[in-house]
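Reading through the structure tokens given below for one structure.
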Amino acid sequence: MDMRPQDWLEIVRREYLQDFIRRGGAAVKFVVPAEKIEHDQLRDQLGKIAKEEGFLFAFVDAKSTKIHMVDKLFHEVARQIDWDDLAYSFVTKIFSNYSA
């Protein structure tokens, strides 16, 4: 099935982020483009969509991370998360719900 990158990105937004994930689902997606497309541009667009939908985005490249070793994969994802900001946002949301 041939699909343009923009069409695929819109499906990811609608079917996964706005529906499945928002309702509590979980997913890991691997992108292996068959055609010649700009990989950096695709990665940047995925990150932008995730941010627009209120999700965190982590990019792990098998060239620099041993993704077959779950601890290496986990540490690479964890390294990209601003844990202080995430904790602050979580606590702020909890306290704002109690003060209302």
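Within each chain, counting starts at residue 1; across the structure tokens, chains are named A, B, ... in the order shown, with ligands numbered 1 upward in that order.
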Per-residue nearest contacts region 36-84 of chain A to region 5-28 of chain A, cut-off 10 Å, using only C-alpha atoms, as a tab-separated table:
residue	atom	partner	partner_atom	distance
A:Ile37	CA	A:Pro5	CA	8.2
A:Glu38	CA	A:Pro5	CA	9.9
A:Leu42	CA	A:Pro5	CA	7.6
A:Gln45	CA	A:Leu9	CA	7.8
A:Leu46	CA	A:Leu9	CA	7.0
A:Ile49	CA	A:Arg13	CA	6.7
A:Ala50	CA	A:Leu17	CA	7.5
A:Glu52	CA	A:Arg13	CA	9.6
A:Glu53	CA	A:Leu17	CA	7.0
A:Gly54	CA	A:Leu17	CA	9.1
A:Phe55	CA	A:Leu17	CA	8.2
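The residue that comes closest to Phe74 (chain A), out of A:Lys51, A:Arg4, A:Val60, A:Ala87 and on the basis of only C-alpha atoms, is A:Val60.
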Helix (DSSP H, G or I) call set, DSSP backbone run, chain A, as a ChimeraX atom specification: /A:5-21,39-52,70-79,83-99
Expected file contents, prior selection, C-alpha atoms, as a PDB file, in the first residue's frame:
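result34.pdb was written with the following content:
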ATOM      1  CA  PRO A   5       4.337  10.586   4.524  1.00  0.00           C
ATOM      2  CA  GLN A   6       1.792  13.363   5.234  1.00  0.00           C
ATOM      3  CA  ASP A   7      -1.070  10.866   5.057  1.00  0.00           C
ATOM      4  CA  TRP A   8       0.720   8.512   7.441  1.00  0.00           C
ATOM      5  CA  LEU A   9       1.440  11.364   9.879  1.00  0.00           C
ATOM      6  CA  GLU A  10      -2.233  12.329   9.901  1.00  0.00           C
ATOM      7  CA  ILE A  11      -3.223   8.713  10.655  1.00  0.00           C
ATOM      8  CA  VAL A  12      -0.743   8.646  13.543  1.00  0.00           C
ATOM      9  CA  ARG A  13      -2.267  11.866  14.878  1.00  0.00           C
ATOM     10  CA  ARG A  14      -5.897  10.819  14.513  1.00  0.00           C
ATOM     11  CA  GLU A  15      -5.870   7.061  15.132  1.00  0.00           C
ATOM     12  CA  TYR A  16      -3.145   6.786  17.756  1.00  0.00           C
ATOM     13  CA  LEU A  17      -2.606  10.073  19.554  1.00  0.00           C
ATOM     14  CA  GLN A  18      -6.110  11.549  19.512  1.00  0.00           C
ATOM     15  CA  ASP A  19      -7.938   8.232  19.955  1.00  0.00           C
ATOM     16  CA  PHE A  20      -6.084   5.110  21.098  1.00  0.00           C
ATOM     17  CA  ILE A  21      -3.379   6.712  23.274  1.00  0.00           C
ATOM     18  CA  HIS A  39      14.253  11.152   7.659  1.00  0.00           C
ATOM     19  CA  ASP A  40      15.080  14.231   9.737  1.00  0.00           C
ATOM     20  CA  GLN A  41      12.004  16.002   8.409  1.00  0.00           C
ATOM     21  CA  LEU A  42       9.780  13.015   9.232  1.00  0.00           C
ATOM     22  CA  ARG A  43      11.231  12.802  12.758  1.00  0.00           C
ATOM     23  CA  ASP A  44      10.705  16.538  13.281  1.00  0.00           C
ATOM     24  CA  GLN A  45       7.103  16.328  12.067  1.00  0.00           C
ATOM     25  CA  LEU A  46       6.378  13.402  14.413  1.00  0.00           C
ATOM     26  CA  GLY A  47       7.820  15.399  17.309  1.00  0.00           C
ATOM     27  CA  LYS A  48       5.746  18.438  16.362  1.00  0.00           C
ATOM     28  CA  ILE A  49       2.536  16.419  16.186  1.00  0.00           C
ATOM     29  CA  ALA A  50       3.251  14.799  19.555  1.00  0.00           C
ATOM     30  CA  LYS A  51       3.857  18.200  21.147  1.00  0.00           C
ATOM     31  CA  GLU A  52       0.698  19.672  19.606  1.00  0.00           C
ATOM     32  CA  VAL A  70      16.140  -2.946  26.552  1.00  0.00           C
ATOM     33  CA  ASP A  71      18.221  -1.173  29.201  1.00  0.00           C
ATOM     34  CA  LYS A  72      20.014   0.879  26.527  1.00  0.00           C
ATOM     35  CA  LEU A  73      16.711   1.713  24.858  1.00  0.00           C
ATOM     36  CA  PHE A  74      15.132   2.713  28.183  1.00  0.00           C
ATOM     37  CA  HIS A  75      18.109   4.874  29.181  1.00  0.00           C
ATOM     38  CA  GLU A  76      18.132   6.673  25.847  1.00  0.00           C
ATOM     39  CA  VAL A  77      14.431   7.511  26.121  1.00  0.00           C
ATOM     40  CA  ALA A  78      14.799   8.519  29.790  1.00  0.00           C
ATOM     41  CA  ARG A  79      17.765  10.782  28.932  1.00  0.00           C
ATOM     42  CA  TRP A  83      12.055  14.909  34.521  1.00  0.00           C
ATOM     43  CA  ASP A  84      11.963  18.061  36.678  1.00  0.00           C
ATOM     44  CA  ASP A  85       9.535  19.768  34.310  1.00  0.00           C
ATOM     45  CA  LEU A  86       7.391  16.645  34.027  1.00  0.00           C
ATOM     46  CA  ALA A  87       7.190  16.273  37.816  1.00  0.00           C
ATOM     47  CA  TYR A  88       6.403  19.986  38.241  1.00  0.00           C
ATOM     48  CA  SER A  89       3.597  19.794  35.664  1.00  0.00           C
ATOM     49  CA  PHE A  90       2.157  16.696  37.324  1.00  0.00           C
ATOM     50  CA  VAL A  91       2.190  18.187  40.827  1.00  0.00           C
ATOM     51  CA  THR A  92       0.796  21.511  39.578  1.00  0.00           C
ATOM     52  CA  LYS A  93      -2.083  19.701  37.880  1.00  0.00           C
ATOM     53  CA  ILE A  94      -2.865  17.710  41.027  1.00  0.00           C
ATOM     54  CA  PHE A  95      -2.859  20.777  43.272  1.00  0.00           C
ATOM     55  CA  SER A  96      -4.937  22.848  40.836  1.00  0.00           C
ATOM     56  CA  ASN A  97      -7.589  20.111  40.843  1.00  0.00           C
ATOM     57  CA  TYR A  98      -7.764  20.153  44.663  1.00  0.00           C
ATOM     58  CA  SER A  99      -7.909  23.925  44.971  1.00  0.00           C
TER      59      SER A  99
END
